[in-house]
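J.: Provided herewith: final-v4.cif, mmCIF, N, CA and C atoms.
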data_structure
#
loop_
_atom_site.group_PDB
_atom_site.id
_atom_site.type_symbol
_atom_site.label_atom_id
_atom_site.label_comp_id
_atom_site.auth_asym_id
_atom_site.auth_seq_id
_atom_site.Cartn_x
_atom_site.Cartn_y
_atom_site.Cartn_z
ATOM 1 N N MET A 1 58.879 -54.861 -211.754
ATOM 2 C CA MET A 1 58.914 -53.469 -212.128
ATOM 3 C C MET A 1 59.989 -52.777 -211.293
ATOM 4 N N GLY A 2 60.878 -52.073 -211.930
ATOM 5 C CA GLY A 2 61.926 -51.367 -211.217
ATOM 6 C C GLY A 2 61.451 -50.034 -210.685
ATOM 7 N N ASP A 3 62.268 -49.402 -209.855
ATOM 8 C CA ASP A 3 61.894 -48.122 -209.273
ATOM 9 C C ASP A 3 61.642 -47.059 -210.339
ATOM 10 N N ALA A 4 62.334 -47.137 -211.469
ATOM 11 C CA ALA A 4 62.175 -46.134 -212.517
ATOM 12 C C ALA A 4 60.788 -46.176 -213.128
ATOM 13 N N ASN A 5 60.075 -47.290 -212.989
ATOM 14 C CA ASN A 5 58.759 -47.438 -213.597
ATOM 15 C C ASN A 5 57.614 -47.294 -212.599
ATOM 16 N N ARG A 6 57.898 -46.882 -211.405
ATOM 17 C CA ARG A 6 56.834 -46.746 -210.404
ATOM 18 C C ARG A 6 55.944 -45.562 -210.756
ATOM 19 N N ILE A 7 54.647 -45.780 -210.606
ATOM 20 C CA ILE A 7 53.670 -44.722 -210.856
ATOM 21 C C ILE A 7 52.995 -44.405 -209.540
ATOM 22 N N VAL A 8 53.137 -43.167 -209.104
ATOM 23 C CA VAL A 8 52.517 -42.715 -207.866
ATOM 24 C C VAL A 8 51.489 -41.656 -208.243
ATOM 25 N N ILE A 9 50.262 -41.861 -207.791
ATOM 26 C CA ILE A 9 49.186 -40.912 -208.041
ATOM 27 C C ILE A 9 48.835 -40.272 -206.709
ATOM 28 N N VAL A 10 48.866 -38.958 -206.667
ATOM 29 C CA VAL A 10 48.566 -38.241 -205.433
ATOM 30 C C VAL A 10 47.170 -37.648 -205.544
ATOM 31 N N GLY A 11 46.284 -38.113 -204.667
ATOM 32 C CA GLY A 11 44.916 -37.620 -204.642
ATOM 33 C C GLY A 11 43.937 -38.634 -205.207
ATOM 34 N N ALA A 12 42.995 -39.044 -204.376
ATOM 35 C CA ALA A 12 42.008 -40.040 -204.789
ATOM 36 C C ALA A 12 40.687 -39.392 -205.163
ATOM 37 N N GLY A 13 40.778 -38.241 -205.814
ATOM 38 C CA GLY A 13 39.576 -37.604 -206.348
ATOM 39 C C GLY A 13 39.200 -38.277 -207.661
ATOM 40 N N PRO A 14 38.267 -37.706 -208.389
ATOM 41 C CA PRO A 14 37.830 -38.319 -209.634
ATOM 42 C C PRO A 14 38.961 -38.563 -210.633
ATOM 43 N N VAL A 15 39.879 -37.619 -210.745
ATOM 44 C CA VAL A 15 40.979 -37.763 -211.697
ATOM 45 C C VAL A 15 41.943 -38.860 -211.254
ATOM 46 N N GLY A 16 42.340 -38.836 -209.983
ATOM 47 C CA GLY A 16 43.269 -39.838 -209.480
ATOM 48 C C GLY A 16 42.706 -41.245 -209.551
ATOM 49 N N LEU A 17 41.442 -41.407 -209.155
ATOM 50 C CA LEU A 17 40.818 -42.726 -209.203
ATOM 51 C C LEU A 17 40.667 -43.219 -210.636
ATOM 52 N N SER A 18 40.270 -42.329 -211.538
ATOM 53 C CA SER A 18 40.121 -42.720 -212.944
ATOM 54 C C SER A 18 41.477 -43.067 -213.561
ATOM 55 N N LEU A 19 42.494 -42.301 -213.214
ATOM 56 C CA LEU A 19 43.835 -42.589 -213.723
ATOM 57 C C LEU A 19 44.317 -43.951 -213.246
ATOM 58 N N ALA A 20 44.131 -44.235 -211.958
ATOM 59 C CA ALA A 20 44.540 -45.532 -211.411
ATOM 60 C C ALA A 20 43.797 -46.674 -212.104
ATOM 61 N N LEU A 21 42.501 -46.500 -212.319
ATOM 62 C CA LEU A 21 41.705 -47.528 -212.993
ATOM 63 C C LEU A 21 42.149 -47.698 -214.441
ATOM 64 N N GLY A 22 42.358 -46.584 -215.133
ATOM 65 C CA GLY A 22 42.806 -46.648 -216.523
ATOM 66 C C GLY A 22 44.161 -47.317 -216.661
ATOM 67 N N LEU A 23 45.084 -47.001 -215.769
ATOM 68 C CA LEU A 23 46.406 -47.634 -215.799
ATOM 69 C C LEU A 23 46.296 -49.135 -215.530
ATOM 70 N N ALA A 24 45.470 -49.496 -214.559
ATOM 71 C CA ALA A 24 45.295 -50.913 -214.232
ATOM 72 C C ALA A 24 44.726 -51.674 -215.431
ATOM 73 N N ARG A 25 43.813 -51.054 -216.157
ATOM 74 C CA ARG A 25 43.233 -51.700 -217.336
ATOM 75 C C ARG A 25 44.275 -51.914 -218.436
ATOM 76 N N GLN A 26 45.358 -51.122 -218.382
ATOM 77 C CA GLN A 26 46.454 -51.265 -219.344
ATOM 78 C C GLN A 26 47.575 -52.156 -218.800
ATOM 79 N N GLY A 27 47.342 -52.737 -217.622
ATOM 80 C CA GLY A 27 48.332 -53.629 -217.029
ATOM 81 C C GLY A 27 49.426 -52.925 -216.249
ATOM 82 N N GLU A 28 49.231 -51.640 -215.979
ATOM 83 C CA GLU A 28 50.231 -50.866 -215.225
ATOM 84 C C GLU A 28 49.817 -50.775 -213.765
ATOM 85 N N ARG A 29 50.731 -51.085 -212.885
ATOM 86 C CA ARG A 29 50.467 -50.965 -211.448
ATOM 87 C C ARG A 29 50.786 -49.550 -210.993
ATOM 88 N N SER A 30 50.018 -49.079 -210.041
ATOM 89 C CA SER A 30 50.255 -47.744 -209.492
ATOM 90 C C SER A 30 49.955 -47.764 -208.003
ATOM 91 N N VAL A 31 50.414 -46.721 -207.340
ATOM 92 C CA VAL A 31 50.121 -46.522 -205.924
ATOM 93 C C VAL A 31 49.338 -45.217 -205.835
ATOM 94 N N LEU A 32 48.192 -45.278 -205.174
ATOM 95 C CA LEU A 32 47.324 -44.117 -205.037
ATOM 96 C C LEU A 32 47.415 -43.604 -203.605
ATOM 97 N N LEU A 33 47.839 -42.360 -203.434
ATOM 98 C CA LEU A 33 47.989 -41.760 -202.112
ATOM 99 C C LEU A 33 46.888 -40.738 -201.883
ATOM 100 N N GLU A 34 46.261 -40.818 -200.720
ATOM 101 C CA GLU A 34 45.186 -39.879 -200.383
ATOM 102 C C GLU A 34 45.342 -39.462 -198.927
ATOM 103 N N GLN A 35 45.176 -38.191 -198.676
ATOM 104 C CA GLN A 35 45.306 -37.654 -197.328
ATOM 105 C C GLN A 35 44.147 -38.090 -196.431
ATOM 106 N N LYS A 36 42.938 -38.148 -196.992
ATOM 107 C CA LYS A 36 41.771 -38.520 -196.189
ATOM 108 C C LYS A 36 41.695 -40.027 -196.032
ATOM 109 N N LYS A 37 41.039 -40.482 -194.972
ATOM 110 C CA LYS A 37 40.949 -41.910 -194.686
ATOM 111 C C LYS A 37 39.964 -42.629 -195.599
ATOM 112 N N ALA A 38 38.982 -41.926 -196.149
ATOM 113 C CA ALA A 38 37.976 -42.551 -197.004
ATOM 114 C C ALA A 38 37.533 -41.555 -198.072
ATOM 115 N N THR A 39 37.043 -42.077 -199.174
ATOM 116 C CA THR A 39 36.494 -41.207 -200.210
ATOM 117 C C THR A 39 35.074 -40.814 -199.827
ATOM 118 N N SER A 40 34.579 -39.784 -200.444
ATOM 119 C CA SER A 40 33.220 -39.321 -200.195
ATOM 120 C C SER A 40 32.219 -40.372 -200.672
ATOM 121 N N LYS A 41 31.136 -40.515 -199.951
ATOM 122 C CA LYS A 41 30.100 -41.469 -200.343
ATOM 123 C C LYS A 41 29.297 -40.970 -201.536
ATOM 124 N N HIS A 42 29.285 -39.663 -201.751
ATOM 125 C CA HIS A 42 28.503 -39.073 -202.829
ATOM 126 C C HIS A 42 29.394 -38.206 -203.708
ATOM 127 N N SER A 43 29.080 -38.162 -204.971
ATOM 128 C CA SER A 43 29.831 -37.343 -205.911
ATOM 129 C C SER A 43 29.627 -35.867 -205.604
ATOM 130 N N LYS A 44 30.683 -35.109 -205.758
ATOM 131 C CA LYS A 44 30.594 -33.666 -205.589
ATOM 132 C C LYS A 44 30.492 -32.965 -206.944
ATOM 133 N N ALA A 45 30.531 -33.761 -208.009
ATOM 134 C CA ALA A 45 30.460 -33.208 -209.359
ATOM 135 C C ALA A 45 29.010 -32.878 -209.724
ATOM 136 N N PRO A 46 28.791 -31.733 -210.380
ATOM 137 C CA PRO A 46 27.424 -31.384 -210.772
ATOM 138 C C PRO A 46 26.911 -32.234 -211.940
ATOM 139 N N GLY A 47 27.806 -32.885 -212.651
ATOM 140 C CA GLY A 47 27.418 -33.723 -213.782
ATOM 141 C C GLY A 47 28.607 -34.524 -214.281
ATOM 142 N N ILE A 48 28.362 -35.353 -215.277
ATOM 143 C CA ILE A 48 29.431 -36.151 -215.880
ATOM 144 C C ILE A 48 29.498 -35.790 -217.362
ATOM 145 N N HIS A 49 30.672 -35.388 -217.831
ATOM 146 C CA HIS A 49 30.845 -35.016 -219.228
ATOM 147 C C HIS A 49 30.594 -36.204 -220.148
ATOM 148 N N VAL A 50 30.171 -35.910 -221.363
ATOM 149 C CA VAL A 50 29.864 -36.943 -222.346
ATOM 150 C C VAL A 50 31.089 -37.827 -222.598
ATOM 151 N N ARG A 51 32.245 -37.240 -222.762
ATOM 152 C CA ARG A 51 33.464 -38.028 -223.031
ATOM 153 C C ARG A 51 33.794 -38.931 -221.840
ATOM 154 N N THR A 52 33.600 -38.426 -220.637
ATOM 155 C CA THR A 52 33.839 -39.242 -219.446
ATOM 156 C C THR A 52 32.892 -40.431 -219.437
ATOM 157 N N ARG A 53 31.645 -40.197 -219.794
ATOM 158 C CA ARG A 53 30.672 -41.298 -219.865
ATOM 159 C C ARG A 53 31.074 -42.318 -220.919
ATOM 160 N N GLU A 54 31.617 -41.871 -222.046
ATOM 161 C CA GLU A 54 32.082 -42.797 -223.083
ATOM 162 C C GLU A 54 33.194 -43.699 -222.554
ATOM 163 N N ILE A 55 34.133 -43.103 -221.838
ATOM 164 C CA ILE A 55 35.241 -43.883 -221.272
ATOM 165 C C ILE A 55 34.712 -44.847 -220.227
ATOM 166 N N PHE A 56 33.852 -44.365 -219.343
ATOM 167 C CA PHE A 56 33.271 -45.241 -218.321
ATOM 168 C C PHE A 56 32.483 -46.384 -218.960
ATOM 169 N N ARG A 57 31.795 -46.109 -220.061
ATOM 170 C CA ARG A 57 31.048 -47.155 -220.765
ATOM 171 C C ARG A 57 32.008 -48.212 -221.301
ATOM 172 N N GLN A 58 33.127 -47.771 -221.880
ATOM 173 C CA GLN A 58 34.141 -48.705 -222.383
ATOM 174 C C GLN A 58 34.697 -49.567 -221.257
ATOM 175 N N TRP A 59 34.823 -48.998 -220.092
ATOM 176 C CA TRP A 59 35.370 -49.716 -218.939
ATOM 177 C C TRP A 59 34.311 -50.571 -218.244
ATOM 178 N N GLY A 60 33.049 -50.416 -218.644
ATOM 179 C CA GLY A 60 31.979 -51.199 -218.044
ATOM 180 C C GLY A 60 31.525 -50.688 -216.680
ATOM 181 N N ILE A 61 31.745 -49.408 -216.401
ATOM 182 C CA ILE A 61 31.383 -48.879 -215.081
ATOM 183 C C ILE A 61 30.416 -47.695 -215.155
ATOM 184 N N GLU A 62 29.938 -47.368 -216.343
ATOM 185 C CA GLU A 62 29.064 -46.193 -216.493
ATOM 186 C C GLU A 62 27.811 -46.309 -215.631
ATOM 187 N N GLU A 63 27.176 -47.456 -215.611
ATOM 188 C CA GLU A 63 25.927 -47.630 -214.857
ATOM 189 C C GLU A 63 26.099 -47.341 -213.371
ATOM 190 N N ARG A 64 27.259 -47.645 -212.823
ATOM 191 C CA ARG A 64 27.501 -47.389 -211.399
ATOM 192 C C ARG A 64 27.438 -45.895 -211.091
ATOM 193 N N PHE A 65 27.825 -45.066 -212.073
ATOM 194 C CA PHE A 65 27.798 -43.618 -211.861
ATOM 195 C C PHE A 65 26.412 -43.032 -212.102
ATOM 196 N N LEU A 66 25.603 -43.734 -212.862
ATOM 197 C CA LEU A 66 24.255 -43.240 -213.159
ATOM 198 C C LEU A 66 23.244 -43.704 -212.115
ATOM 199 N N ASP A 67 23.571 -44.732 -211.341
ATOM 200 C CA ASP A 67 22.679 -45.218 -210.287
ATOM 201 C C ASP A 67 22.795 -44.309 -209.077
ATOM 202 N N VAL A 68 21.878 -43.395 -208.953
ATOM 203 C CA VAL A 68 21.925 -42.433 -207.844
ATOM 204 C C VAL A 68 20.710 -42.606 -206.984
#
Kindly present the structure from the file in structure tokens form.

T.:
Amino acid sequence: MGDANRIVIVGAGPVGLSLALGLARQGERSVLLEQKKATSKHSKAPGIHVRTREIFRQWGIEERFLDV
């Protein structure tokens, strides 16, 4: 992959992590940059949207988000 095709994602929040995972599932490599040393152990989201759950189900990771 040349420099012109590099994908840099800034922020390892829900959007950044989902984007990195989605790109990886499509065979695209990315670099995820985060200011903090670790992600939060618990979700800060009050809920998960139906469409997000559909995507997570397709990716085979929905149950991990529902196990609280």

J.: How would you write, as a PyMOL selection string, the set of residues in chain A that DSSP gives as strand (DSSP E or B)?

T.: chain A and resi 8-10+31-33

J.: Provide the atom N of Asn5 of chain A to atom N of Arg29 of chain A distance in Å, to one decimal place.

T.: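 Computing the Euclidean distance for atom N of Asn5 of chain A and atom N of Arg29 of chain A yields 10.1 Å.
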
J.: Considering all atoms listed in the file, return as a PyMOL selection string whatever protein or nucleic-acid residues lie within 6 Å of Val10 of chain A, sequence-local ones (same chain, fewer than 4 positions apart) excluded.

T.: chain A and resi 16+32-34

J.: Excluding segment 64-67 of chain A and residues on its chain fewer than 5 positions from it, collect all residues at most 9 Å away from it, counting only C-alpha atoms, and give them as a PDB file with N, CA and C atoms, in the frame of the given file.

T.:
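File part_13.pdb, as written:
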ATOM      1  N   SER A  43      29.080 -38.162-204.971  1.00  0.00           N
ATOM      2  CA  SER A  43      29.831 -37.343-205.911  1.00  0.00           C
ATOM      3  C   SER A  43      29.627 -35.867-205.604  1.00  0.00           C
ATOM      4  N   ILE A  48      28.362 -35.353-215.277  1.00  0.00           N
ATOM      5  CA  ILE A  48      29.431 -36.151-215.880  1.00  0.00           C
ATOM      6  C   ILE A  48      29.498 -35.790-217.362  1.00  0.00           C
ATOM      7  N   ARG A  53      31.645 -40.197-219.794  1.00  0.00           N
ATOM      8  CA  ARG A  53      30.672 -41.298-219.865  1.00  0.00           C
ATOM      9  C   ARG A  53      31.074 -42.318-220.919  1.00  0.00           C
ATOM     10  N   PHE A  56      33.852 -44.365-219.343  1.00  0.00           N
ATOM     11  CA  PHE A  56      33.271 -45.241-218.321  1.00  0.00           C
ATOM     12  C   PHE A  56      32.483 -46.384-218.960  1.00  0.00           C
TER      13      PHE A  56
END

J.: Give as a PyMOL selection string each residue that has an atom at most 8 Å from (35.9, -44.2, -203.2) in the file, counting only C-alpha atoms.

T.: chain A and resi 12+17+38-41

J.: What does the distance between atom CA of Gly13 of chain A and atom N of Lys44 of chain A come to in Å, to one decimal place?

T.: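 Those two atoms sit 9.3 Å apart.
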
J.: Can you measure atom CA of Lys36 of chain A to atom CA of Leu23 of chain A for me? One decimal in Å is fine.

T.: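 That distance, rounded to one decimal, is 22.1 Å.
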
J.: Go through A:Ile61, A:Gln26, A:Leu21, A:Val31 and flag the residue nearest Arg6 of chain A, using all atoms listed in the file for the distances.

T.: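 Closest residue, counting all atoms listed in the file: A:Val31.
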
J.: Which of chain A end up as alpha helix (DSSP H) when DSSP is run on this backbone - answer as number ranges by chain?

T.: A: 14-25, 50-59, 62-66
